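Structure file upload.pdb (PDB, C-alpha atoms, pLDDT in the B column) is printed below.
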ATOM      1  CA  MET V 432     -19.496  31.640  -7.764  1.00 62.00           C
ATOM      2  CA  ASN V 433     -18.003  28.306  -6.714  1.00 86.00           C
ATOM      3  CA  LYS V 434     -16.941  29.731  -3.343  1.00 85.00           C
ATOM      4  CA  LEU V 435     -20.486  30.958  -2.758  1.00 84.00           C
ATOM      5  CA  GLY V 436     -21.847  27.492  -3.517  1.00 83.00           C
ATOM      6  CA  GLU V 437     -19.374  25.909  -1.090  1.00 88.00           C
ATOM      7  CA  GLU V 438     -20.313  28.353   1.664  1.00 89.00           C
ATOM      8  CA  SER V 439     -23.991  27.785   0.996  1.00 86.00           C
ATOM      9  CA  GLY V 440     -23.494  24.023   1.210  1.00 87.00           C
ATOM     10  CA  GLN V 441     -21.591  24.355   4.474  1.00 91.00           C
ATOM     11  CA  CYS V 442     -24.298  26.589   5.955  1.00 91.00           C
ATOM     12  CA  ARG V 443     -26.910  24.053   4.915  1.00 89.00           C
ATOM     13  CA  LYS V 444     -24.981  21.214   6.589  1.00 90.00           C
ATOM     14  CA  ASN V 445     -24.554  23.279   9.759  1.00 93.00           C
ATOM     15  CA  PHE V 446     -28.271  24.099   9.750  1.00 91.00           C
ATOM     16  CA  ILE V 447     -29.169  20.410   9.458  1.00 91.00           C
ATOM     17  CA  ILE V 448     -26.799  19.504  12.291  1.00 93.00           C
ATOM     18  CA  MET V 449     -28.183  22.241  14.536  1.00 93.00           C
ATOM     19  CA  THR V 450     -31.771  21.282  13.702  1.00 92.00           C
ATOM     20  CA  ARG V 451     -31.042  17.662  14.625  1.00 91.00           C
ATOM     21  CA  MET V 452     -29.468  18.822  17.886  1.00 93.00           C
ATOM     22  CA  LEU V 453     -32.515  20.946  18.663  1.00 94.00           C
ATOM     23  CA  SER V 454     -34.798  18.006  17.968  1.00 91.00           C
ATOM     24  CA  SER V 455     -32.708  15.866  20.306  1.00 92.00           C
ATOM     25  CA  LEU V 456     -32.908  18.514  23.031  1.00 93.00           C
ATOM     26  CA  LEU V 457     -36.676  18.666  22.637  1.00 93.00           C
ATOM     27  CA  GLY V 458     -36.741  14.902  23.157  1.00 90.00           C
ATOM     28  CA  ASP V 459     -34.646  15.314  26.304  1.00 92.00           C
ATOM     29  CA  ILE V 460     -37.087  17.893  27.653  1.00 92.00           C
ATOM     30  CA  GLN V 461     -40.017  15.655  26.831  1.00 90.00           C
ATOM     31  CA  ARG V 462     -38.405  12.743  28.689  1.00 89.00           C
ATOM     32  CA  SER V 463     -37.713  14.962  31.689  1.00 88.00           C
ATOM     33  CA  THR V 464     -41.417  15.756  32.002  1.00 90.00           C
ATOM     34  CA  ARG V 465     -41.846  12.207  33.230  1.00 88.00           C
ATOM     35  CA  GLY V 466     -40.653  13.481  36.602  1.00 86.00           C
ATOM     36  CA  ALA V 467     -43.690  15.730  36.757  1.00 87.00           C
ATOM     37  CA  GLN V 468     -45.908  12.757  36.024  1.00 86.00           C
ATOM     38  CA  ILE V 469     -44.304  10.891  38.924  1.00 88.00           C
ATOM     39  CA  ILE V 470     -44.977  13.862  41.231  1.00 86.00           C
ATOM     40  CA  SER V 471     -48.578  13.877  40.090  1.00 86.00           C
ATOM     41  CA  ALA V 472     -48.985  10.153  40.692  1.00 87.00           C
ATOM     42  CA  THR V 473     -47.384  10.490  44.132  1.00 87.00           C
ATOM     43  CA  SER V 474     -49.761  13.319  44.992  1.00 82.00           C
ATOM     44  CA  ARG V 475     -52.711  11.140  44.042  1.00 84.00           C
ATOM     45  CA  VAL V 476     -51.458   8.291  46.234  1.00 87.00           C
ATOM     46  CA  GLU V 477     -50.918  10.672  49.143  1.00 82.00           C
ATOM     47  CA  ALA V 478     -54.343  12.200  48.532  1.00 80.00           C
ATOM     48  CA  SER V 479     -55.934   8.805  49.001  1.00 82.00           C
ATOM     49  CA  ARG V 480     -54.151   8.461  52.361  1.00 83.00           C
ATOM     50  CA  ALA V 481     -54.423  11.997  53.745  1.00 79.00           C
ATOM     51  CA  GLU V 482     -57.828  12.764  55.151  1.00 79.00           C
ATOM     52  CA  GLY V 483     -57.582  16.512  55.629  1.00 81.00           C
ATOM     53  CA  PHE V 484     -55.504  17.287  52.544  1.00 79.00           C
ATOM     54  CA  SER V 485     -56.893  14.901  49.976  1.00 83.00           C
ATOM     55  CA  GLN V 486     -58.782  17.550  48.009  1.00 84.00           C
ATOM     56  CA  SER V 487     -55.782  19.917  47.916  1.00 84.00           C
ATOM     57  CA  LEU V 488     -53.431  17.153  46.809  1.00 82.00           C
ATOM     58  CA  GLU V 489     -55.868  16.076  44.116  1.00 85.00           C
ATOM     59  CA  VAL V 490     -56.072  19.653  42.818  1.00 87.00           C
ATOM     60  CA  ILE V 491     -52.269  19.852  42.733  1.00 86.00           C
ATOM     61  CA  ALA V 492     -52.064  16.533  40.893  1.00 87.00           C
ATOM     62  CA  ASN V 493     -54.575  17.759  38.302  1.00 90.00           C
ATOM     63  CA  GLN V 494     -52.688  21.019  37.808  1.00 91.00           C
ATOM     64  CA  VAL V 495     -49.372  19.199  37.366  1.00 90.00           C
ATOM     65  CA  ASP V 496     -50.997  16.777  34.900  1.00 91.00           C
ATOM     66  CA  ASN V 497     -52.517  19.613  32.882  1.00 93.00           C
ATOM     67  CA  ALA V 498     -49.273  21.599  32.776  1.00 92.00           C
ATOM     68  CA  THR V 499     -47.251  18.516  31.836  1.00 92.00           C
ATOM     69  CA  ASP V 500     -49.691  17.578  29.081  1.00 93.00           C
ATOM     70  CA  ASN V 501     -49.536  21.113  27.709  1.00 94.00           C
ATOM     71  CA  ILE V 502     -45.730  21.108  27.701  1.00 94.00           C
ATOM     72  CA  ARG V 503     -45.538  17.689  26.049  1.00 93.00           C
ATOM     73  CA  ARG V 504     -48.078  18.723  23.399  1.00 94.00           C
ATOM     74  CA  ARG V 505     -46.109  21.857  22.533  1.00 95.00           C
ATOM     75  CA  LEU V 506     -42.853  19.916  22.433  1.00 94.00           C
ATOM     76  CA  GLN V 507     -44.412  17.410  20.047  1.00 93.00           C
ATOM     77  CA  ILE V 508     -45.660  20.186  17.774  1.00 94.00           C
ATOM     78  CA  SER V 509     -42.184  21.765  17.750  1.00 94.00           C
ATOM     79  CA  ASP V 510     -40.548  18.437  16.985  1.00 92.00           C
ATOM     80  CA  ASP V 511     -43.027  17.802  14.169  1.00 94.00           C
ATOM     81  CA  HIS V 512     -42.125  21.181  12.633  1.00 93.00           C
ATOM     82  CA  LEU V 513     -38.407  20.420  12.869  1.00 92.00           C
ATOM     83  CA  THR V 514     -38.953  17.027  11.256  1.00 92.00           C
ATOM     84  CA  GLY V 515     -40.819  18.750   8.433  1.00 93.00           C
ATOM     85  CA  VAL V 516     -37.937  21.171   7.896  1.00 92.00           C
ATOM     86  CA  LEU V 517     -35.405  18.340   7.847  1.00 90.00           C
ATOM     87  CA  ASN V 518     -37.509  16.299   5.421  1.00 91.00           C
ATOM     88  CA  PHE V 519     -37.756  19.324   3.127  1.00 90.00           C
ATOM     89  CA  LEU V 520     -33.983  19.817   3.216  1.00 86.00           C
ATOM     90  CA  TYR V 521     -33.315  16.153   2.514  1.00 84.00           C
ATOM     91  CA  ARG V 522     -35.712  16.174  -0.455  1.00 87.00           C
ATOM     92  CA  GLU V 523     -33.917  19.187  -1.897  1.00 80.00           C
ATOM     93  CA  GLU V 524     -30.572  17.368  -1.704  1.00 75.00           C
ATOM     94  CA  GLU V 525     -31.838  14.527  -3.901  1.00 70.00           C
TER
END
Represent the structure contained in this file as structure tokens.
Amino acid sequence: MNKLGEESGQCRKNFIIMTRMLSSLLGDIQRSTRGAQIISATSRVEASRAEGFSQSLEVIANQVDNATDNIRRRLQISDDHLTGVLNFLYREEE
């Protein structure tokens, strides 16, 4: 029985470590979406300068903004779930 408890404890520790790593990776992805925001902002600037393409560039900027917002929202939801799991595990250890 003691061996089972040790293995269970080790699995729990590994799970916590992997969950923290996943949360960190989600943060990395969220930070990398800033590049998409820069592309969107650049498209808007170019749209204000380009006479014949301004509407197309504005549409592209809006699409990039919408996609980026959607990705960031889903990443935040995922990170919130992971934080909830970690909080639950920490409470159980007390």
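Atom to atom, atom CA of Leu517 of chain V and atom CA of Arg451 of chain V stand 8.1 Å apart.
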Atom CA of Arg480 of chain V to atom CA of Asn501 of chain V, distance in Å rounded to a single decimal: 28.1 Å
Å distance separating atom CA of Val490 of chain V from atom CA of Ser463 of chain V, one decimal place: 22.0 Å
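For the choices V:Val495, V:Leu456, V:Ile502, V:Leu520, the atom-to-atom distance to Arg475 of chain V is smallest for V:Val495 when using all atoms listed in the file.
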Within-12 Å shell of (-46.5, 19.8, 28.8) in input frame, only C-alpha atoms, as an NGL selection string: :V and (457 or 460-468 or 494-508)
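Nearest to Asn518 of chain V of all the residues V:Ala481, V:Met452, V:Ile447, V:Ala492 is V:Ile447, based on all atoms listed in the file.
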Which of V:Arg443, V:Gly483, V:Ile470, V:Ser454 sits closest to Tyr521 of chain V [using only C-alpha atoms]: V:Arg443
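Residues within 12 Å of segment 435-441 of chain V, counting all atoms listed in the file and excluding same-chain residues fewer than 3 positions away, are Met432, Lys444, Asn445, Phe446, Ile447, Ile448, Leu520, Glu523 and Glu524 of chain V.
Nearest residue to Ser471 of chain V among V:Ser487, V:Ser455, V:Asn493, V:Asn433 is V:Asn493, counting all atoms listed in the file.
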Which of V:Gln486, V:Leu513, V:Ile491, V:Gly458 sits closest to Ser474 of chain V [using all atoms listed in the file]: V:Ile491
